[in-house]
file query.txt (compact mmCIF, N, CA and C atoms)
# COMPACT_ATOMS: atom_id res chain seq x y z
N MET A 1 -35.10 5.18 8.48
CA MET A 1 -34.81 3.86 7.94
C MET A 1 -33.30 3.62 8.00
N PRO A 2 -32.89 2.47 8.52
CA PRO A 2 -31.45 2.20 8.64
C PRO A 2 -30.80 2.00 7.28
N GLY A 3 -29.52 2.28 7.23
CA GLY A 3 -28.76 2.09 6.00
C GLY A 3 -28.54 0.62 5.71
N LEU A 4 -27.99 0.37 4.56
CA LEU A 4 -27.72 -1.00 4.10
C LEU A 4 -26.31 -1.42 4.52
N ILE A 5 -26.21 -2.60 5.08
CA ILE A 5 -24.91 -3.21 5.36
C ILE A 5 -24.72 -4.32 4.33
N SER A 6 -23.68 -4.19 3.51
CA SER A 6 -23.47 -5.17 2.45
C SER A 6 -22.20 -5.96 2.70
N TRP A 7 -22.19 -7.19 2.21
CA TRP A 7 -21.10 -8.13 2.41
C TRP A 7 -20.67 -8.68 1.06
N ASN A 8 -19.43 -8.43 0.69
CA ASN A 8 -18.91 -8.89 -0.60
C ASN A 8 -17.53 -9.50 -0.41
N CYS A 9 -17.05 -10.18 -1.44
CA CYS A 9 -15.69 -10.73 -1.36
C CYS A 9 -15.02 -10.64 -2.72
N LYS A 10 -13.68 -10.59 -2.67
CA LYS A 10 -12.87 -10.52 -3.88
C LYS A 10 -11.63 -11.38 -3.65
N ASN A 11 -11.35 -12.29 -4.57
CA ASN A 11 -10.19 -13.17 -4.53
C ASN A 11 -10.18 -14.11 -3.33
N THR A 12 -11.32 -14.34 -2.73
CA THR A 12 -11.42 -15.24 -1.59
C THR A 12 -12.85 -15.74 -1.48
N GLN A 13 -13.06 -16.76 -0.66
CA GLN A 13 -14.42 -17.24 -0.43
C GLN A 13 -15.07 -16.43 0.68
N MET A 14 -16.36 -16.24 0.57
CA MET A 14 -17.12 -15.55 1.61
C MET A 14 -17.01 -16.37 2.90
N PRO A 15 -16.62 -15.73 4.00
CA PRO A 15 -16.57 -16.48 5.26
C PRO A 15 -17.97 -16.89 5.71
N THR A 16 -18.03 -17.99 6.43
CA THR A 16 -19.30 -18.47 6.95
C THR A 16 -19.64 -17.68 8.21
N LEU A 17 -20.56 -16.77 8.06
CA LEU A 17 -20.95 -15.88 9.15
C LEU A 17 -22.47 -15.78 9.19
N CYS A 18 -23.01 -15.44 10.34
CA CYS A 18 -24.44 -15.20 10.49
C CYS A 18 -24.66 -13.70 10.24
N PHE A 19 -24.89 -13.35 8.99
CA PHE A 19 -24.95 -11.94 8.61
C PHE A 19 -26.09 -11.17 9.29
N PRO A 20 -27.30 -11.73 9.45
CA PRO A 20 -28.34 -10.97 10.17
C PRO A 20 -27.92 -10.64 11.61
N LEU A 21 -27.27 -11.58 12.28
CA LEU A 21 -26.79 -11.31 13.64
C LEU A 21 -25.72 -10.24 13.62
N LEU A 22 -24.78 -10.32 12.69
CA LEU A 22 -23.71 -9.32 12.61
C LEU A 22 -24.25 -7.93 12.30
N GLU A 23 -25.26 -7.86 11.45
CA GLU A 23 -25.85 -6.56 11.13
C GLU A 23 -26.51 -5.96 12.36
N ARG A 24 -27.21 -6.78 13.10
CA ARG A 24 -27.82 -6.30 14.35
C ARG A 24 -26.74 -5.82 15.31
N TRP A 25 -25.67 -6.59 15.42
CA TRP A 25 -24.54 -6.26 16.30
C TRP A 25 -23.90 -4.93 15.90
N VAL A 26 -23.61 -4.76 14.61
CA VAL A 26 -23.01 -3.53 14.12
C VAL A 26 -23.87 -2.33 14.49
N ARG A 27 -25.17 -2.46 14.28
CA ARG A 27 -26.10 -1.36 14.59
C ARG A 27 -26.12 -1.07 16.09
N GLU A 28 -26.10 -2.13 16.91
CA GLU A 28 -26.11 -1.95 18.37
C GLU A 28 -24.82 -1.29 18.86
N VAL A 29 -23.68 -1.71 18.32
CA VAL A 29 -22.40 -1.11 18.72
C VAL A 29 -22.39 0.37 18.35
N ALA A 30 -22.83 0.69 17.14
CA ALA A 30 -22.88 2.09 16.72
C ALA A 30 -23.80 2.88 17.66
N LYS A 31 -24.92 2.29 18.00
CA LYS A 31 -25.89 2.95 18.89
C LYS A 31 -25.28 3.23 20.27
N THR A 32 -24.48 2.29 20.78
CA THR A 32 -23.86 2.51 22.10
C THR A 32 -22.86 3.66 22.06
N HIS A 33 -22.43 4.04 20.87
CA HIS A 33 -21.51 5.17 20.70
C HIS A 33 -22.25 6.42 20.21
N GLY A 34 -23.58 6.39 20.33
CA GLY A 34 -24.38 7.55 19.94
C GLY A 34 -24.45 7.79 18.45
N ARG A 35 -24.28 6.73 17.67
CA ARG A 35 -24.27 6.85 16.21
C ARG A 35 -25.44 6.08 15.59
N ILE A 36 -25.78 6.46 14.38
CA ILE A 36 -26.79 5.79 13.57
C ILE A 36 -26.06 5.16 12.39
N THR A 37 -26.43 3.94 12.05
CA THR A 37 -25.75 3.23 10.96
C THR A 37 -26.37 3.56 9.62
N GLY A 38 -25.57 4.16 8.76
CA GLY A 38 -25.96 4.39 7.38
C GLY A 38 -25.48 3.22 6.54
N ASP A 39 -25.09 3.48 5.31
CA ASP A 39 -24.61 2.42 4.43
C ASP A 39 -23.17 2.05 4.79
N VAL A 40 -22.97 0.76 5.01
CA VAL A 40 -21.65 0.23 5.34
C VAL A 40 -21.40 -0.96 4.42
N GLY A 41 -20.28 -0.93 3.72
CA GLY A 41 -19.94 -2.01 2.80
C GLY A 41 -18.69 -2.74 3.27
N TYR A 42 -18.82 -4.04 3.46
CA TYR A 42 -17.67 -4.89 3.81
C TYR A 42 -17.20 -5.59 2.55
N LEU A 43 -15.88 -5.62 2.37
CA LEU A 43 -15.28 -6.39 1.28
C LEU A 43 -14.21 -7.28 1.88
N PHE A 44 -14.46 -8.59 1.86
CA PHE A 44 -13.47 -9.57 2.31
C PHE A 44 -12.59 -9.90 1.12
N CYS A 45 -11.27 -9.91 1.34
CA CYS A 45 -10.35 -10.13 0.24
C CYS A 45 -9.13 -10.90 0.72
N ASP A 46 -8.16 -11.07 -0.20
CA ASP A 46 -6.91 -11.72 0.15
C ASP A 46 -5.83 -10.65 0.39
N ASP A 47 -4.66 -11.09 0.82
CA ASP A 47 -3.57 -10.17 1.12
C ASP A 47 -3.17 -9.32 -0.09
N GLU A 48 -3.14 -9.93 -1.27
CA GLU A 48 -2.68 -9.19 -2.44
C GLU A 48 -3.61 -8.03 -2.76
N HIS A 49 -4.92 -8.25 -2.59
CA HIS A 49 -5.86 -7.16 -2.89
C HIS A 49 -5.74 -6.03 -1.86
N ILE A 50 -5.64 -6.38 -0.59
CA ILE A 50 -5.55 -5.31 0.40
C ILE A 50 -4.24 -4.55 0.27
N LEU A 51 -3.18 -5.24 -0.14
CA LEU A 51 -1.91 -4.55 -0.39
C LEU A 51 -2.06 -3.54 -1.53
N ALA A 52 -2.76 -3.94 -2.58
CA ALA A 52 -2.99 -3.03 -3.71
C ALA A 52 -3.82 -1.83 -3.27
N VAL A 53 -4.84 -2.05 -2.46
CA VAL A 53 -5.67 -0.96 -1.94
C VAL A 53 -4.83 -0.04 -1.06
N ASN A 54 -4.02 -0.64 -0.20
CA ASN A 54 -3.17 0.13 0.71
C ASN A 54 -2.19 1.01 -0.09
N ARG A 55 -1.62 0.46 -1.14
CA ARG A 55 -0.69 1.23 -1.97
C ARG A 55 -1.41 2.35 -2.72
N GLN A 56 -2.55 2.01 -3.32
CA GLN A 56 -3.26 2.97 -4.16
C GLN A 56 -3.84 4.14 -3.38
N PHE A 57 -4.49 3.85 -2.26
CA PHE A 57 -5.23 4.89 -1.56
C PHE A 57 -4.48 5.51 -0.38
N LEU A 58 -3.56 4.77 0.23
CA LEU A 58 -2.88 5.28 1.42
C LEU A 58 -1.37 5.42 1.24
N GLN A 59 -0.88 4.99 0.08
CA GLN A 59 0.56 5.01 -0.20
C GLN A 59 1.35 4.25 0.87
N HIS A 60 0.76 3.16 1.38
CA HIS A 60 1.42 2.28 2.34
C HIS A 60 1.79 1.00 1.61
N ASP A 61 3.01 0.52 1.82
CA ASP A 61 3.46 -0.67 1.12
C ASP A 61 3.57 -1.84 2.10
N TYR A 62 2.44 -2.20 2.72
CA TYR A 62 2.44 -3.34 3.63
C TYR A 62 1.03 -3.94 3.73
N TYR A 63 1.00 -5.17 4.20
CA TYR A 63 -0.27 -5.87 4.43
C TYR A 63 -0.89 -5.35 5.71
N THR A 64 -2.19 -5.44 5.78
CA THR A 64 -2.91 -5.05 6.98
C THR A 64 -4.19 -5.88 7.05
N ASP A 65 -4.82 -5.91 8.21
CA ASP A 65 -6.04 -6.70 8.33
C ASP A 65 -7.27 -5.94 7.85
N ILE A 66 -7.28 -4.61 8.03
CA ILE A 66 -8.45 -3.82 7.63
C ILE A 66 -8.04 -2.42 7.20
N ILE A 67 -8.74 -1.94 6.20
CA ILE A 67 -8.65 -0.54 5.80
C ILE A 67 -10.07 0.01 5.85
N THR A 68 -10.23 1.13 6.54
CA THR A 68 -11.54 1.74 6.70
C THR A 68 -11.60 3.04 5.92
N PHE A 69 -12.56 3.13 5.01
CA PHE A 69 -12.83 4.36 4.29
C PHE A 69 -14.08 4.98 4.94
N ASP A 70 -13.90 6.11 5.55
CA ASP A 70 -14.94 6.74 6.37
C ASP A 70 -15.66 7.83 5.58
N TYR A 71 -16.98 7.64 5.40
CA TYR A 71 -17.82 8.62 4.72
C TYR A 71 -18.86 9.20 5.68
N SER A 72 -18.63 9.05 6.97
CA SER A 72 -19.61 9.46 7.98
C SER A 72 -19.83 10.96 7.97
N ARG A 73 -21.04 11.32 8.39
CA ARG A 73 -21.41 12.73 8.55
C ARG A 73 -22.16 12.86 9.86
N GLY A 74 -21.55 13.59 10.78
CA GLY A 74 -22.19 13.75 12.08
C GLY A 74 -22.38 12.42 12.77
N LYS A 75 -23.60 12.17 13.20
CA LYS A 75 -23.90 10.93 13.92
C LYS A 75 -24.18 9.75 12.99
N LEU A 76 -24.31 10.01 11.69
CA LEU A 76 -24.59 8.96 10.71
C LEU A 76 -23.27 8.37 10.22
N ILE A 77 -23.03 7.11 10.58
CA ILE A 77 -21.79 6.47 10.13
C ILE A 77 -22.03 5.73 8.82
N SER A 78 -21.06 5.84 7.94
CA SER A 78 -21.08 5.07 6.71
C SER A 78 -19.64 4.95 6.22
N GLY A 79 -19.38 3.89 5.49
CA GLY A 79 -18.04 3.69 4.99
C GLY A 79 -17.89 2.35 4.31
N ASP A 80 -16.71 2.17 3.76
CA ASP A 80 -16.32 0.90 3.14
C ASP A 80 -15.18 0.32 3.97
N LEU A 81 -15.31 -0.97 4.29
CA LEU A 81 -14.32 -1.65 5.11
C LEU A 81 -13.76 -2.83 4.32
N VAL A 82 -12.47 -2.78 4.05
CA VAL A 82 -11.79 -3.82 3.28
C VAL A 82 -11.00 -4.67 4.27
N ILE A 83 -11.30 -5.96 4.30
CA ILE A 83 -10.70 -6.87 5.29
C ILE A 83 -9.97 -8.00 4.58
N SER A 84 -8.68 -8.16 4.89
CA SER A 84 -7.91 -9.28 4.35
C SER A 84 -8.09 -10.49 5.26
N LEU A 85 -8.75 -11.51 4.74
CA LEU A 85 -8.94 -12.74 5.51
C LEU A 85 -7.61 -13.46 5.74
N ASP A 86 -6.66 -13.29 4.83
CA ASP A 86 -5.33 -13.89 5.02
C ASP A 86 -4.66 -13.31 6.26
N THR A 87 -4.66 -11.98 6.37
CA THR A 87 -4.02 -11.34 7.51
C THR A 87 -4.78 -11.61 8.80
N VAL A 88 -6.11 -11.66 8.73
CA VAL A 88 -6.90 -12.01 9.92
C VAL A 88 -6.48 -13.38 10.42
N ARG A 89 -6.33 -14.34 9.49
CA ARG A 89 -5.94 -15.70 9.87
C ARG A 89 -4.53 -15.71 10.49
N SER A 90 -3.58 -15.03 9.87
CA SER A 90 -2.21 -15.04 10.41
C SER A 90 -2.14 -14.29 11.75
N ASN A 91 -2.92 -13.22 11.91
CA ASN A 91 -2.96 -12.51 13.20
C ASN A 91 -3.57 -13.39 14.29
N ALA A 92 -4.62 -14.13 13.94
CA ALA A 92 -5.24 -15.03 14.92
C ALA A 92 -4.22 -16.06 15.40
N GLU A 93 -3.48 -16.64 14.47
CA GLU A 93 -2.46 -17.63 14.84
C GLU A 93 -1.37 -16.99 15.69
N MET A 94 -0.96 -15.77 15.34
CA MET A 94 0.11 -15.08 16.06
C MET A 94 -0.27 -14.78 17.52
N VAL A 95 -1.53 -14.39 17.75
CA VAL A 95 -1.95 -14.04 19.11
C VAL A 95 -2.63 -15.19 19.84
N GLY A 96 -2.77 -16.33 19.16
CA GLY A 96 -3.39 -17.49 19.79
C GLY A 96 -4.90 -17.36 19.96
N ALA A 97 -5.54 -16.65 19.03
CA ALA A 97 -6.99 -16.46 19.09
C ALA A 97 -7.67 -17.38 18.07
N GLU A 98 -8.93 -17.66 18.31
CA GLU A 98 -9.73 -18.38 17.32
C GLU A 98 -9.91 -17.48 16.11
N TYR A 99 -9.91 -18.07 14.92
CA TYR A 99 -10.07 -17.29 13.70
C TYR A 99 -11.37 -16.49 13.72
N ASP A 100 -12.48 -17.14 14.09
CA ASP A 100 -13.78 -16.44 14.11
C ASP A 100 -13.77 -15.25 15.06
N THR A 101 -13.14 -15.41 16.21
CA THR A 101 -13.07 -14.31 17.17
C THR A 101 -12.27 -13.15 16.60
N GLU A 102 -11.14 -13.46 15.97
CA GLU A 102 -10.32 -12.41 15.37
C GLU A 102 -11.06 -11.73 14.22
N LEU A 103 -11.79 -12.50 13.42
CA LEU A 103 -12.56 -11.92 12.33
C LEU A 103 -13.63 -10.98 12.87
N HIS A 104 -14.33 -11.40 13.91
CA HIS A 104 -15.34 -10.52 14.51
C HIS A 104 -14.69 -9.26 15.08
N ARG A 105 -13.52 -9.41 15.69
CA ARG A 105 -12.82 -8.24 16.23
C ARG A 105 -12.51 -7.24 15.11
N VAL A 106 -12.05 -7.74 13.97
CA VAL A 106 -11.70 -6.85 12.86
C VAL A 106 -12.96 -6.23 12.24
N ILE A 107 -14.02 -7.02 12.12
CA ILE A 107 -15.29 -6.50 11.60
C ILE A 107 -15.75 -5.30 12.42
N ILE A 108 -15.67 -5.40 13.74
CA ILE A 108 -16.16 -4.31 14.59
C ILE A 108 -15.12 -3.20 14.72
N HIS A 109 -13.85 -3.52 14.54
CA HIS A 109 -12.78 -2.52 14.59
C HIS A 109 -13.07 -1.38 13.60
N GLY A 110 -13.47 -1.74 12.39
CA GLY A 110 -13.79 -0.72 11.39
C GLY A 110 -14.97 0.13 11.81
N ILE A 111 -15.97 -0.49 12.40
CA ILE A 111 -17.15 0.26 12.87
C ILE A 111 -16.73 1.24 13.98
N LEU A 112 -15.86 0.78 14.86
CA LEU A 112 -15.38 1.66 15.93
C LEU A 112 -14.62 2.85 15.36
N HIS A 113 -13.86 2.64 14.30
CA HIS A 113 -13.21 3.78 13.62
C HIS A 113 -14.27 4.75 13.10
N LEU A 114 -15.33 4.21 12.49
CA LEU A 114 -16.40 5.07 11.97
C LEU A 114 -17.09 5.84 13.09
N CYS A 115 -17.07 5.27 14.30
CA CYS A 115 -17.66 5.93 15.47
C CYS A 115 -16.72 6.96 16.10
N GLY A 116 -15.52 7.09 15.53
CA GLY A 116 -14.60 8.11 16.00
C GLY A 116 -13.50 7.63 16.92
N ILE A 117 -13.34 6.32 17.09
CA ILE A 117 -12.29 5.80 17.96
C ILE A 117 -11.05 5.52 17.11
N ASN A 118 -9.94 6.07 17.53
CA ASN A 118 -8.68 5.90 16.82
C ASN A 118 -7.77 4.95 17.57
N ASP A 119 -6.68 4.53 16.91
CA ASP A 119 -5.77 3.57 17.55
C ASP A 119 -4.31 3.84 17.22
N LYS A 120 -3.98 5.01 16.73
CA LYS A 120 -2.60 5.30 16.34
C LYS A 120 -1.85 6.15 17.35
N GLY A 121 -2.54 7.00 18.09
CA GLY A 121 -1.88 7.92 19.02
C GLY A 121 -1.61 7.28 20.38
N PRO A 122 -0.91 8.01 21.25
CA PRO A 122 -0.58 7.51 22.59
C PRO A 122 -1.85 7.14 23.38
N GLY A 123 -1.89 5.91 23.87
CA GLY A 123 -3.02 5.44 24.67
C GLY A 123 -4.26 5.05 23.89
N GLU A 124 -4.28 5.35 22.59
CA GLU A 124 -5.48 5.07 21.80
C GLU A 124 -5.67 3.59 21.54
N ARG A 125 -4.59 2.84 21.38
CA ARG A 125 -4.70 1.40 21.11
C ARG A 125 -5.44 0.70 22.25
N GLU A 126 -5.12 1.09 23.49
CA GLU A 126 -5.78 0.46 24.65
C GLU A 126 -7.26 0.81 24.68
N ILE A 127 -7.60 2.03 24.29
CA ILE A 127 -9.02 2.44 24.24
C ILE A 127 -9.74 1.63 23.17
N MET A 128 -9.10 1.47 22.00
CA MET A 128 -9.70 0.68 20.93
C MET A 128 -9.91 -0.76 21.38
N GLU A 129 -8.89 -1.36 21.99
CA GLU A 129 -9.01 -2.75 22.44
C GLU A 129 -10.11 -2.92 23.47
N ALA A 130 -10.25 -1.97 24.38
CA ALA A 130 -11.32 -2.05 25.38
C ALA A 130 -12.68 -1.99 24.70
N ASN A 131 -12.82 -1.15 23.69
CA ASN A 131 -14.08 -1.06 22.96
C ASN A 131 -14.34 -2.30 22.12
N GLU A 132 -13.28 -2.88 21.54
CA GLU A 132 -13.45 -4.14 20.82
C GLU A 132 -13.92 -5.24 21.76
N ASP A 133 -13.29 -5.33 22.94
CA ASP A 133 -13.67 -6.36 23.92
C ASP A 133 -15.12 -6.19 24.34
N ALA A 134 -15.54 -4.96 24.60
CA ALA A 134 -16.94 -4.69 25.00
C ALA A 134 -17.88 -5.09 23.87
N ALA A 135 -17.50 -4.80 22.63
CA ALA A 135 -18.34 -5.15 21.49
C ALA A 135 -18.44 -6.67 21.33
N LEU A 136 -17.33 -7.38 21.54
CA LEU A 136 -17.36 -8.84 21.46
C LEU A 136 -18.24 -9.43 22.55
N GLU A 137 -18.23 -8.83 23.73
CA GLU A 137 -19.13 -9.28 24.81
C GLU A 137 -20.59 -9.07 24.40
N LEU A 138 -20.87 -7.95 23.76
CA LEU A 138 -22.22 -7.68 23.28
C LEU A 138 -22.63 -8.72 22.24
N LEU A 139 -21.72 -9.08 21.34
CA LEU A 139 -22.02 -10.11 20.34
C LEU A 139 -22.38 -11.42 21.02
N ASN A 140 -21.63 -11.81 22.04
CA ASN A 140 -21.94 -13.05 22.77
C ASN A 140 -23.31 -12.96 23.43
N LYS A 141 -23.65 -11.80 23.97
CA LYS A 141 -24.97 -11.61 24.59
C LYS A 141 -26.08 -11.72 23.53
N LEU A 142 -25.88 -11.10 22.38
CA LEU A 142 -26.88 -11.17 21.31
C LEU A 142 -27.06 -12.60 20.83
N ARG A 143 -25.98 -13.36 20.76
CA ARG A 143 -26.08 -14.78 20.37
C ARG A 143 -26.94 -15.56 21.35
N LYS A 144 -26.71 -15.33 22.64
CA LYS A 144 -27.47 -16.03 23.68
C LYS A 144 -28.94 -15.65 23.63
N ASP A 145 -29.22 -14.38 23.34
CA ASP A 145 -30.61 -13.90 23.26
C ASP A 145 -31.37 -14.55 22.12
N GLU A 146 -30.65 -14.97 21.08
CA GLU A 146 -31.31 -15.59 19.92
C GLU A 146 -31.78 -17.01 20.21
N PHE A 147 -31.20 -17.64 21.23
CA PHE A 147 -31.55 -19.04 21.50
C PHE A 147 -32.39 -19.20 22.73
call {"tool": "encode", "arguments": {"input": "query.txt", "output": "structure tokens"}}
result
Amino acid sequence: MPGLISWNCKNTQMPTLCFPLLERWVREVAKTHGRITGDVGYLFCDDEHILAVNRQFLQHDYYTDIITFDYSRGKLISGDLVISLDTVRSNAEMVGAEYDTELHRVIIHGILHLCGINDKGPGEREIMEANEDAALELLNKLRKDEF
């Protein structure tokens, strides 16, 4: 039985998303990486909340778009993903992307971390971006299949 994917928000409004489609997408992306989706909790928040989380748990004093807490064991991925909608919006504007596209990229970015893909070391950012792009293509395919 698959784990639960939950969607919550703090200090912000819940974004308008098709959650059943996103849950299917998350599970499919994990599957393409040889993983099984356990419990995954998303928390959408504002910049101030993610800054507090970053300070408390990582001792980082800066804003970020996502913080991933990884509780995975073997092939079973699970974790908590904290996403600042403020930073997602400012990043979208900075790179000239649609807000929804950037939000989807960040949503799957955390899942890719849970699947073992990193983005801090030499060459890792390019690998992460290639996997994000492939996942976004899969999302577009899943959307088309629904209609």
call {"tool": "select_by_dssp", "arguments": {"input": "query.txt", "residues": "segment 2-135 of chain A", "states": "helix (DSSP H, G or I)", "output": "VMD selection string"}}
result
chain A and resid 19 to 32 47 to 58 85 to 95 99 to 114 124 to 135
call {"tool": "residues_around", "arguments": {"input": "query.txt", "residues": "Cys45 of chain A", "least_positions_apart": "2", "cutoff": "8 Å", "atoms": "only N, CA and C atoms", "output": "list in words"}}
result
Asn8, Cys9, Lys10, Asn11, Thr12, Gln13, Tyr42, Leu43, Asp47, Glu48, His49, Ile50, Val82, Ile83, Ser84, Leu85, Asp86 and Thr87 of chain A
call {"tool": "closest_residue", "arguments": {"input": "query.txt", "among": "A:Ala130, A:Leu22, A:His33, A:Gln56", "to": "Cys115 of chain A", "atoms": "all atoms listed in the file"}}
result
A:His33
call {"tool": "residues_around", "arguments": {"input": "query.txt", "residues": "Asn131 of chain A", "least_positions_apart": "6", "cutoff": "8 Å", "atoms": "only N, CA and C atoms", "output": "short mmCIF file (atom, residue, chain, number, x, y, z; two decimals) with N, CA and C atoms, in the coordinates of the input"}}
result
data_model
loop_
_atom_site.label_atom_id
_atom_site.label_comp_id
_atom_site.auth_asym_id
_atom_site.auth_seq_id
_atom_site.Cartn_x
_atom_site.Cartn_y
_atom_site.Cartn_z
N ILE A 108 -15.67 -5.40 13.74
CA ILE A 108 -16.16 -4.31 14.59
C ILE A 108 -15.12 -3.20 14.72
N HIS A 109 -13.85 -3.52 14.54
CA HIS A 109 -12.78 -2.52 14.59
C HIS A 109 -13.07 -1.38 13.60
N LEU A 112 -15.86 0.78 14.86
CA LEU A 112 -15.38 1.66 15.93
C LEU A 112 -14.62 2.85 15.36
N ARG A 125 -4.59 2.84 21.38
CA ARG A 125 -4.70 1.40 21.11
C ARG A 125 -5.44 0.70 22.25
N GLU A 137 -18.23 -8.83 23.73
CA GLU A 137 -19.13 -9.28 24.81
C GLU A 137 -20.59 -9.07 24.40
#
call {"tool": "atom_distance", "arguments": {"input": "query.txt", "atom1": "atom CA of Lys120 of chain A", "atom2": "atom CA of Leu58 of chain A"}}
result
14.9 Å
call {"tool": "closest_residue", "arguments": {"input": "query.txt", "among": "A:Glu124, A:Tyr63, A:Tyr71, A:Leu139", "to": "Val26 of chain A", "atoms": "only N, CA and C atoms"}}
result
A:Leu139
call {"tool": "atom_distance", "arguments": {"input": "query.txt", "atom1": "atom C of Leu136 of chain A", "atom2": "atom CA of Val29 of chain A"}}
result
10.1 Å
